[in-house]
$ cat run_3.txt   # compact mmCIF, C-alpha atoms
# COMPACT_ATOMS: atom_id res chain seq x y z
CA MET L 1 -14.17 7.46 -16.26
CA LYS L 2 -15.84 8.33 -13.01
CA GLN L 3 -19.43 7.18 -12.67
CA TRP L 4 -21.49 8.00 -9.65
CA ILE L 5 -24.31 5.70 -8.79
CA ALA L 6 -26.38 7.78 -6.41
CA ALA L 7 -29.36 7.41 -8.73
CA MET L 8 -29.57 3.76 -7.73
CA ALA L 9 -30.96 4.79 -4.35
CA LEU L 10 -32.92 7.95 -5.16
CA ALA L 11 -30.12 10.40 -4.52
CA ALA L 12 -32.61 13.22 -4.92
CA VAL L 13 -34.08 12.24 -1.56
CA ALA L 14 -32.51 14.22 1.29
CA PRO L 15 -30.57 11.88 3.64
CA ILE L 16 -32.16 11.26 7.02
CA ALA L 17 -29.39 10.91 9.59
CA VAL L 18 -30.07 8.65 12.56
CA ALA L 19 -27.56 8.39 15.38
CA GLN L 20 -25.86 5.03 15.30
CA GLY L 21 -24.00 5.45 18.57
CA SER L 22 -21.53 2.71 19.34
CA THR L 23 -23.66 -0.17 18.07
CA PRO L 24 -21.36 -2.71 16.36
CA PRO L 25 -22.31 -3.94 12.88
CA PRO L 26 -24.24 -7.21 12.75
CA SER L 27 -22.37 -10.39 11.87
CA VAL L 28 -23.41 -13.67 10.30
CA THR L 29 -21.67 -17.00 9.74
CA ALA L 30 -21.53 -18.51 6.26
CA ASN L 31 -21.35 -22.29 6.67
CA TYR L 32 -19.51 -24.48 4.18
CA ALA L 33 -21.89 -26.15 1.71
CA ALA L 34 -21.20 -29.80 2.40
CA SER L 35 -23.75 -30.87 -0.24
CA PRO L 36 -24.25 -29.62 -3.83
CA ILE L 37 -26.52 -26.69 -4.67
CA ARG L 38 -28.67 -26.82 -7.79
CA LEU L 39 -29.50 -23.33 -9.03
CA ASP L 40 -33.23 -23.41 -9.70
CA GLY L 41 -34.58 -20.58 -7.57
CA ARG L 42 -35.67 -23.01 -4.82
CA LEU L 43 -33.68 -22.80 -1.61
CA GLU L 44 -34.45 -26.40 -0.69
CA GLU L 45 -31.08 -28.20 -0.63
CA LYS L 46 -29.52 -29.19 2.69
CA ALA L 47 -26.80 -26.56 2.22
CA TRP L 48 -29.47 -23.85 2.24
CA LEU L 49 -31.26 -25.38 5.23
CA ASP L 50 -27.94 -25.37 7.11
CA ALA L 51 -27.23 -21.74 6.14
CA THR L 52 -27.93 -19.05 8.73
CA PRO L 53 -31.08 -17.05 7.84
CA ILE L 54 -30.48 -13.29 7.56
CA SER L 55 -33.56 -11.20 8.30
CA LEU L 56 -33.44 -7.71 6.81
CA VAL L 57 -34.32 -4.64 8.86
CA THR L 58 -35.26 -1.09 7.84
CA PHE L 59 -32.42 1.22 6.84
CA ASP L 60 -32.60 2.80 10.32
CA GLY L 61 -32.59 -0.52 12.20
CA LYS L 62 -36.26 -1.30 12.85
CA PRO L 63 -37.41 -4.93 12.56
CA ILE L 64 -39.73 -6.00 9.73
CA THR L 65 -42.50 -8.58 10.09
CA GLY L 66 -42.70 -10.93 7.12
CA GLY L 67 -39.76 -9.34 5.34
CA ALA L 68 -37.14 -10.84 3.02
CA VAL L 69 -34.83 -13.55 4.36
CA ALA L 70 -31.40 -14.04 2.76
CA ARG L 71 -28.78 -16.78 3.12
CA VAL L 72 -25.09 -17.09 2.24
CA THR L 73 -23.04 -20.29 1.90
CA TRP L 74 -19.86 -21.29 0.08
CA ASP L 75 -17.66 -24.07 -1.23
CA LYS L 76 -14.12 -24.19 -2.58
CA ASP L 77 -15.17 -22.59 -5.88
CA ASN L 78 -18.19 -20.34 -5.28
CA LEU L 79 -19.93 -18.00 -2.91
CA TYR L 80 -23.71 -18.64 -2.97
CA PHE L 81 -26.32 -15.98 -2.22
CA GLY L 82 -29.99 -16.84 -1.92
CA ALA L 83 -33.11 -15.00 -0.76
CA GLU L 84 -36.85 -15.51 -0.42
CA VAL L 85 -38.87 -12.31 -0.71
CA PRO L 86 -42.58 -12.06 0.22
CA ASP L 87 -44.04 -9.38 -2.07
CA GLU L 88 -47.66 -8.53 -2.79
CA ARG L 89 -46.70 -6.70 -6.00
CA VAL L 90 -43.66 -8.11 -7.83
CA VAL L 91 -42.32 -5.34 -10.08
CA ALA L 92 -39.59 -5.75 -12.71
CA GLY L 93 -39.00 -3.98 -16.01
CA ARG L 94 -37.43 -5.41 -19.14
CA LEU L 95 -33.97 -3.98 -18.64
CA GLY L 96 -31.00 -5.93 -19.95
CA HIS L 97 -27.83 -7.08 -18.24
CA ASP L 98 -26.05 -4.29 -16.31
CA GLY L 99 -29.07 -2.00 -16.69
CA PRO L 100 -30.14 0.43 -13.89
CA LEU L 101 -32.34 -2.15 -12.16
CA TRP L 102 -32.43 -0.19 -8.88
CA GLU L 103 -34.32 2.78 -10.36
CA LYS L 104 -37.83 1.28 -10.64
CA ASP L 105 -37.63 -2.49 -10.03
CA ASP L 106 -37.85 -4.70 -7.00
CA VAL L 107 -34.20 -5.57 -6.39
CA LEU L 108 -31.81 -7.24 -4.00
CA GLU L 109 -28.28 -5.83 -3.81
CA LEU L 110 -25.26 -7.69 -2.47
CA PHE L 111 -22.09 -5.73 -1.61
CA LEU L 112 -18.90 -7.70 -0.85
CA TRP L 113 -15.77 -6.09 0.62
CA PRO L 114 -13.25 -8.93 1.06
CA SER L 115 -10.29 -6.95 2.44
CA GLU L 116 -10.81 -3.97 4.72
CA ASN L 117 -7.23 -2.84 4.13
CA LEU L 118 -7.95 -2.43 0.41
CA PRO L 119 -10.42 0.05 -1.14
CA TYR L 120 -11.97 -2.44 -3.58
CA TYR L 121 -15.47 -3.84 -3.21
CA TYR L 122 -18.04 -5.56 -5.44
CA GLN L 123 -21.71 -4.86 -6.13
CA PHE L 124 -24.31 -7.34 -7.41
CA VAL L 125 -27.92 -6.34 -8.14
CA VAL L 126 -30.68 -8.76 -9.18
CA ASN L 127 -34.37 -8.24 -9.93
CA PRO L 128 -37.14 -10.89 -10.00
CA ARG L 129 -36.78 -11.78 -13.72
CA PRO L 130 -33.86 -12.44 -12.77
CA THR L 131 -31.65 -9.86 -14.49
CA VAL L 132 -28.22 -9.06 -13.03
CA TYR L 133 -25.98 -6.02 -12.69
CA GLU L 134 -22.37 -6.45 -11.49
CA ALA L 135 -19.73 -3.80 -10.81
CA PHE L 136 -16.17 -3.54 -9.52
CA CYS L 137 -15.89 -0.48 -7.24
CA ILE L 138 -13.03 1.57 -5.83
CA ALA L 139 -14.10 3.26 -2.60
CA LYS L 140 -13.53 6.85 -1.64
CA PRO L 141 -10.98 7.35 1.15
CA THR L 142 -13.92 8.48 3.31
CA HIS L 143 -15.76 5.14 2.68
CA ASP L 144 -19.02 6.95 1.83
CA GLY L 145 -19.34 5.71 -1.72
CA ALA L 146 -17.23 4.92 -4.75
CA ASP L 147 -14.64 7.04 -6.54
CA LEU L 148 -14.94 4.71 -9.51
CA ILE L 149 -17.53 2.13 -10.58
CA LEU L 150 -16.85 -0.30 -13.44
CA PRO L 151 -20.05 -2.06 -14.57
CA ASP L 152 -18.20 -3.59 -17.53
CA TRP L 153 -16.58 -6.01 -15.03
CA ASN L 154 -18.53 -9.16 -15.87
CA PRO L 155 -17.66 -12.24 -13.79
CA ASP L 156 -19.18 -15.64 -14.52
CA VAL L 157 -22.14 -15.13 -12.19
CA ARG L 158 -25.01 -17.62 -12.52
CA VAL L 159 -28.48 -16.80 -11.26
CA GLN L 160 -31.92 -18.42 -11.20
CA GLY L 161 -35.18 -17.26 -9.68
CA ARG L 162 -38.89 -17.91 -9.16
CA VAL L 163 -41.89 -15.58 -9.10
CA GLN L 164 -45.42 -16.09 -7.76
CA PRO L 165 -47.89 -15.34 -9.23
CA MET L 166 -46.76 -12.89 -11.95
CA LEU L 167 -44.57 -9.89 -12.77
CA TYR L 168 -45.74 -6.33 -13.22
CA ARG L 169 -43.89 -3.65 -15.15
CA PRO L 170 -43.07 -0.45 -13.24
CA ASP L 171 -45.60 1.47 -15.38
CA ARG L 172 -48.38 -1.11 -14.94
CA ILE L 173 -48.67 -1.97 -11.28
CA GLY L 174 -51.36 -4.58 -10.63
CA THR L 175 -53.54 -5.43 -7.67
CA ALA L 176 -52.04 -6.75 -4.45
CA ASN L 177 -51.70 -10.52 -4.01
CA PRO L 178 -51.18 -11.58 -0.37
CA ASN L 179 -49.45 -14.80 -1.51
CA GLY L 180 -47.00 -13.09 -3.86
CA PHE L 181 -43.26 -13.70 -3.54
CA TRP L 182 -40.05 -14.01 -5.50
CA SER L 183 -36.83 -15.85 -4.79
CA VAL L 184 -33.33 -15.92 -6.22
CA GLU L 185 -30.19 -18.09 -6.11
CA MET L 186 -26.83 -16.72 -7.26
CA SER L 187 -23.36 -18.28 -7.50
CA ILE L 188 -20.28 -16.05 -7.65
CA PRO L 189 -16.88 -17.61 -8.50
CA ILE L 190 -14.52 -16.77 -5.65
CA SER L 191 -11.62 -16.50 -8.10
CA THR L 192 -13.26 -13.46 -9.76
CA LEU L 193 -13.03 -11.49 -6.50
CA SER L 194 -9.37 -10.93 -7.27
CA SER L 195 -8.72 -8.12 -4.77
CA ARG L 196 -8.64 -10.74 -1.97
CA GLY L 197 -5.66 -12.44 -3.64
CA ALA L 198 -5.18 -15.78 -5.34
CA ALA L 199 -5.27 -17.98 -2.23
CA PRO L 200 -8.35 -20.21 -1.90
CA LEU L 201 -11.06 -19.12 0.51
CA GLN L 202 -10.55 -20.68 3.94
CA ALA L 203 -12.68 -21.10 7.04
CA GLY L 204 -11.81 -18.37 9.51
CA GLU L 205 -11.78 -15.52 6.98
CA SER L 206 -14.01 -12.51 7.66
CA TRP L 207 -15.31 -10.09 5.01
CA ARG L 208 -17.58 -7.07 5.20
CA MET L 209 -20.96 -7.51 3.50
CA GLN L 210 -24.17 -5.59 2.93
CA ILE L 211 -27.51 -6.87 1.60
CA VAL L 212 -30.14 -4.31 0.56
CA ARG L 213 -33.70 -4.72 -0.70
CA PHE L 214 -35.67 -2.03 -2.56
CA ASN L 215 -39.39 -2.85 -2.67
CA ARG L 216 -41.38 -1.25 -5.48
CA PRO L 217 -43.61 0.58 -5.85
CA ASP L 218 -42.39 2.96 -3.18
CA PRO L 219 -45.02 4.06 -0.66
CA ALA L 220 -45.09 7.72 -1.70
CA PRO L 221 -43.15 10.19 -3.86
CA GLY L 222 -39.84 10.99 -2.20
CA ALA L 223 -39.99 7.94 0.06
CA LEU L 224 -38.04 4.71 -0.31
CA ASP L 225 -39.14 1.26 0.85
CA ALA L 226 -35.67 -0.05 1.75
CA SER L 227 -34.37 -2.72 4.11
CA ALA L 228 -30.91 -4.17 4.73
CA PHE L 229 -28.76 -6.68 6.58
CA SER L 230 -26.92 -3.87 8.38
CA PRO L 231 -28.64 -0.52 9.06
CA TYR L 232 -26.92 2.28 7.17
CA TYR L 233 -28.81 5.16 8.77
CA GLU L 234 -29.08 7.35 5.67
CA VAL L 235 -32.05 6.66 3.45
CA ALA L 236 -30.21 6.91 0.13
CA SER L 237 -26.77 5.59 1.11
CA PRO L 238 -26.61 1.78 1.23
CA PHE L 239 -22.98 1.96 0.05
CA LEU L 240 -21.53 3.34 3.31
CA LEU L 241 -18.73 0.81 3.72
CA ASP L 242 -18.18 1.33 7.44
CA HIS L 243 -21.82 0.34 8.06
CA PHE L 244 -21.43 -3.00 6.27
CA GLY L 245 -22.01 -6.08 8.40
CA VAL L 246 -19.49 -8.88 8.98
CA LEU L 247 -19.49 -12.18 7.08
CA ASN L 248 -17.56 -14.95 8.88
CA PHE L 249 -16.69 -18.10 6.94
CA ALA L 250 -16.94 -21.45 8.73
CA GLY L 251 -15.73 -24.64 7.10
CA SER L 252 -15.82 -28.39 7.33
CA ALA L 253 -12.69 -30.32 8.29
CA ALA L 254 -13.90 -33.11 6.00
CA VAL L 255 -13.49 -30.90 2.93
CA PRO L 256 -9.78 -30.01 2.57
CA VAL L 257 -8.86 -27.09 0.31
CA ALA L 258 -5.55 -27.66 -1.49
CA PRO L 259 -3.10 -24.74 -1.76
CA LEU L 260 -2.37 -23.34 -5.19
CA VAL L 261 0.88 -23.06 -7.11
CA PRO L 262 1.52 -19.27 -7.18
CA GLY L 263 0.64 -17.71 -10.51
CA THR L 264 -0.91 -20.85 -12.00
CA GLY L 265 -4.10 -21.70 -10.13
CA ALA L 266 -3.05 -25.37 -10.19
CA PRO L 267 -3.16 -27.46 -7.00
CA VAL L 268 0.13 -28.29 -5.34
CA LYS L 269 1.12 -31.95 -5.71
CA PRO L 270 2.31 -33.57 -2.47
CA ALA L 271 6.08 -33.93 -2.29
CA ALA L 272 7.54 -37.38 -2.81
CA PRO L 273 8.98 -38.98 0.36
CA THR L 274 12.69 -38.42 0.86
CA VAL L 275 13.37 -41.78 2.54
CA ALA L 276 14.84 -44.37 0.20
CA PRO L 277 12.60 -47.41 -0.35
CA THR L 278 13.38 -50.47 1.77
CA PRO L 279 14.65 -53.39 -0.35
CA ALA L 280 12.71 -56.64 -0.19
CA PRO L 281 14.23 -59.05 2.38
CA ALA L 282 16.16 -62.06 1.12
CA PRO L 283 14.45 -65.45 1.65
CA ALA L 284 15.36 -66.87 5.06
CA PRO L 285 17.10 -70.30 5.29
CA ALA L 286 15.30 -73.20 6.94
CA THR L 287 17.28 -72.71 10.13
CA ALA L 288 18.06 -69.04 10.36
CA PRO L 289 21.40 -68.30 12.09
CA ALA L 290 21.57 -65.66 14.69
CA ALA L 291 21.91 -62.25 13.14
CA PRO L 292 25.51 -61.01 13.39
CA ALA L 293 26.10 -57.96 15.46
CA VAL L 294 26.50 -54.88 13.27
CA ALA L 295 28.67 -52.09 14.46
CA PRO L 296 27.05 -48.65 14.20
CA PRO L 297 28.39 -46.52 11.37
CA THR L 298 31.20 -44.26 12.35
CA ALA L 299 31.14 -40.58 11.60
CA PRO L 300 33.50 -39.46 8.81
CA PRO L 301 36.80 -38.12 10.05
CA THR L 302 36.93 -34.40 10.67
CA THR L 303 39.85 -32.09 10.30
CA PRO L 304 40.82 -30.49 13.62
CA ALA L 305 40.85 -26.75 13.77
CA PRO L 306 44.36 -25.25 13.88
CA THR L 307 45.72 -24.33 17.27
CA PRO L 308 48.85 -22.39 18.23
CA ALA L 309 50.60 -25.73 18.85
CA THR L 310 49.90 -27.12 15.39
CA ASP L 311 50.55 -26.06 11.85
CA ALA L 312 48.05 -23.33 10.73
CA THR L 313 47.34 -25.17 7.49
CA PRO L 314 45.50 -28.44 8.19
CA ALA L 315 45.65 -31.44 5.92
CA PRO L 316 43.04 -31.32 3.15
CA THR L 317 39.76 -33.10 3.91
CA PRO L 318 38.79 -35.83 1.44
CA ALA L 319 35.80 -34.87 -0.75
CA PRO L 320 32.54 -36.32 0.58
CA ALA L 321 30.76 -38.98 -1.41
CA ASN L 322 27.80 -36.67 -1.99
CA PRO L 323 28.94 -33.18 -3.06
CA PRO L 324 27.29 -30.25 -1.23
CA ALA L 325 24.37 -28.44 -2.79
CA ALA L 326 25.24 -25.70 -5.22
CA PRO L 327 25.30 -22.21 -3.67
CA VAL L 328 22.15 -20.16 -4.02
CA ALA L 329 22.26 -18.14 -7.22
CA PRO L 330 22.08 -14.38 -6.82
CA ALA L 331 18.74 -12.71 -7.53
CA LYS L 332 18.06 -12.49 -11.25
CA THR L 333 17.79 -9.17 -12.96
CA VAL L 334 15.34 -8.21 -15.68
CA THR L 335 16.04 -6.82 -19.13
CA LEU L 336 12.99 -5.95 -21.25
CA SER L 337 12.09 -3.77 -24.20
CA ILE L 338 8.40 -2.78 -24.14
CA ASN L 339 7.03 -0.71 -27.00
CA ALA L 340 3.44 0.58 -26.97
CA GLN L 341 2.00 -2.39 -25.09
CA SER L 342 -0.90 -2.23 -22.65
CA LEU L 343 0.01 -2.05 -18.98
CA LYS L 344 -1.67 -5.42 -18.41
CA ASP L 345 0.43 -7.10 -21.14
CA ALA L 346 3.63 -5.39 -19.98
CA VAL L 347 3.14 -6.55 -16.38
CA GLY L 348 2.24 -10.05 -17.59
CA LEU L 349 5.49 -10.17 -19.57
CA LEU L 350 7.47 -9.10 -16.50
CA PHE L 351 5.88 -11.70 -14.20
CA GLN L 352 6.00 -14.53 -16.74
CA GLY L 353 7.64 -17.56 -15.13
CA SER L 354 8.23 -15.76 -11.81
CA GLY L 355 5.67 -17.80 -9.85
CA LEU L 356 4.35 -14.58 -8.29
CA ASN L 357 0.75 -13.39 -8.20
CA TYR L 358 -0.41 -10.00 -9.43
CA LEU L 359 -3.62 -8.07 -10.12
CA VAL L 360 -3.93 -5.27 -12.70
CA LEU L 361 -7.09 -3.26 -12.02
CA PRO L 362 -9.28 -2.81 -15.11
CA VAL L 363 -9.18 0.99 -14.87
CA VAL L 364 -5.43 1.07 -15.71
CA ALA L 365 -5.07 -2.22 -17.61
CA SER L 366 -5.19 -0.64 -21.09
CA ASN L 367 -2.83 2.27 -20.36
CA PRO L 368 0.00 2.26 -22.98
CA VAL L 369 3.57 1.54 -21.88
CA THR L 370 6.86 2.13 -23.67
CA VAL L 371 10.00 1.55 -21.62
CA GLU L 372 13.50 0.06 -21.82
CA ILE L 373 14.59 -1.99 -18.78
CA LYS L 374 18.12 -3.27 -18.31
CA ASP L 375 19.49 -5.30 -15.40
CA LEU L 376 16.86 -4.28 -12.83
CA SER L 377 15.36 -6.27 -10.00
CA LEU L 378 11.74 -7.37 -10.49
CA ASP L 379 10.42 -4.69 -8.10
CA ASP L 380 12.46 -1.96 -9.75
CA ALA L 381 11.39 -3.13 -13.19
CA LEU L 382 7.74 -3.14 -12.08
CA SER L 383 8.17 0.40 -10.72
CA ALA L 384 9.48 1.55 -14.10
CA ILE L 385 6.62 -0.13 -15.98
CA VAL L 386 3.79 1.19 -13.82
CA GLU L 387 5.30 4.69 -13.81
CA LYS L 388 5.19 4.73 -17.62
CA GLY L 389 1.64 3.34 -17.44
CA ASP L 390 0.50 6.22 -15.21
CA ALA L 391 -0.11 3.83 -12.31
CA LYS L 392 1.49 2.56 -9.12
CA PHE L 393 1.72 -0.75 -7.27
CA HIS L 394 1.81 -2.14 -3.78
CA LYS L 395 2.30 -5.64 -2.43
CA ASP L 396 -0.60 -6.81 -0.31
CA PRO L 397 0.90 -7.84 3.07
CA ALA L 398 -1.73 -10.50 3.73
CA THR L 399 -1.57 -12.35 0.39
CA GLY L 400 1.71 -11.31 -1.24
CA VAL L 401 -0.20 -10.22 -4.36
CA TYR L 402 1.21 -7.30 -6.36
CA VAL L 403 -1.69 -4.87 -6.97
CA ILE L 404 -1.33 -2.42 -9.89
CA GLU L 405 -3.74 0.48 -9.42
CA PRO L 406 -4.35 4.18 -10.22
CA LYS L 407 -1.84 6.63 -8.78
CA ASP L 408 -4.45 8.37 -6.67
CA THR L 409 -5.58 5.15 -4.92
CA PRO L 410 -4.90 5.32 -1.15
CA THR L 411 -2.08 2.99 -0.17
CA PRO L 412 -3.17 0.39 2.43
CA PRO L 413 -1.18 -0.10 5.65
CA SER L 414 2.04 -2.10 5.41
CA THR L 415 0.85 -4.69 7.94
CA PRO L 416 -2.45 -6.55 7.84
CA PRO L 417 -5.03 -5.60 10.47
CA ASN L 418 -5.30 -7.74 13.60
CA GLY L 419 -8.16 -10.21 13.94
$ encode --input "run_3.txt" --output "structure tokens"
Amino acid sequence: MKQWIAAMALAAVAPIAVAQGSTPPPSVTANYAASPIRLDGRLEEKAWLDATPISLVTFDGKPITGGAVARVTWDKDNLYFGAEVPDERVVAGRLGHDGPLWEKDDVLELFLWPSENLPYYYQFVVNPRPTVYEAFCIAKPTHDGADLILPDWNPDVRVQGRVQPMLYRPDRIGTANPNGFWSVEMSIPISTLSSRGAAPLQAGESWRMQIVRFNRPDPAPGALDASAFSPYYEVASPFLLDHFGVLNFAGSAAVPVAPLVPGTGAPVKPAAPTVAPTPAPAPAPATAPAAPAVAPPTAPPTTPAPTPATDATPAPTPAPANPPAAPVAPAKTVTLSINAQSLKDAVGLLFQGSGLNYLVLPVVASNPVTVEIKDLSLDDALSAIVEKGDAKFHKDPATGVYVIEPKDTPTPPSTPPNG
């Protein structure tokens, strides 16, 4: 089900290569939103004022005067993206959700690549109405686009916007208005970005990110009015992953993020103290006598080790008052009978009650599986299931998440990257 999305950036236009040299990608810090954000298209809350403004540049790195300014912030549940876009002609068609907004409309695109050691990234497109397109993408090994794009991935994204003074349709462009603009606010649940694992987002994480604006109408046939957070140096290729900028998350120590119980999403309850409670003191007499001296407790007797001068069989040691903990049980094995179930259901059955986290990519989730498993370890059982489901798996070294993916997906390195 391969879908190529070159049309979104006028693939018919010949790429214009510009030497990038050794210039590092730009980076920006996303501050923790210490105050609530109300999605109304107005970037007026304190969290937005505290967010670092991101000025877009042309695709080949030239500054823009009076261009769009974007902001990114976050809390324990959501990533927030906002932008204010000066625009003399605000253009947006009447396309529905997941329509090809990039073809003729004014749009902002947000690309998120949470883990550089995994080939999965996410694309969000919004026009001034605001209408949204979302897609889960699997990158090519060369990082110059996607091998697979799934627009039927529909997370619980919320979006609001404002437009001044009015919208034009792509086929009815109006006169220029020097005071025209549009703005957008978007919230993306962090839990839907499942390729980064189930752990909550923490300050100190770094993702790769790209923000792109297409401004319609384009200046001339064959030209593209495009700007971006990070220059991508080819006019029709905003999805070059290695040109994405860096998004660094900064947090507030006053807002703790509780860890999660693996496989459940529930917060971990603090452990009860192990020290026995102190009994209430007895009432003291009117004239309290001096406290008697208490001898320190003596250690229980130990049985001496046998020596050549003693009998090799020592006397039996009395059983302690508290018996020792039971020995650790050997690893459990799995026995399952799976008949014509989807790969997603078969993997869910295997992991049920294990306390482990896993991710089945949508592209293989519905593959049928029929297999008999008897007395196998969990990893061996998973290998048998994914093999029958025409897939493979790897365990992400950074998060411990089992990722079930297509067989031809490049396997990430066994150790997480430094930094």
$ closest_residue --input "run_3.txt" --among "L:Ile138, L:Ala381, L:Val347, L:Val159" --to "Ala83 of chain L" --atoms "all atoms listed in the file"
L:Val159
$ atom_distance --input "run_3.txt" --atom1 "atom CA of Thr52 of chain L" --atom2 "atom CA of Met166 of chain L"
28.6 Å
$ closest_residue --input "run_3.txt" --among "L:Val125, L:Glu185, L:Asn177, L:Phe136" --to "Ile37 of chain L" --atoms "only C-alpha atoms"
L:Glu185
$ residues_near_point --input "run_3.txt" --point "(14.1, -3.4, -23.1)" --cutoff "10 Å" --atoms "only C-alpha atoms" --output "PyMOL selection string"
chain L and resi 334-339+370-375
$ closest_residue --input "run_3.txt" --among "L:Met209, L:Leu150, L:Ile173, L:Ile188" --to "Asp106 of chain L" --atoms "all atoms listed in the file"
L:Ile173
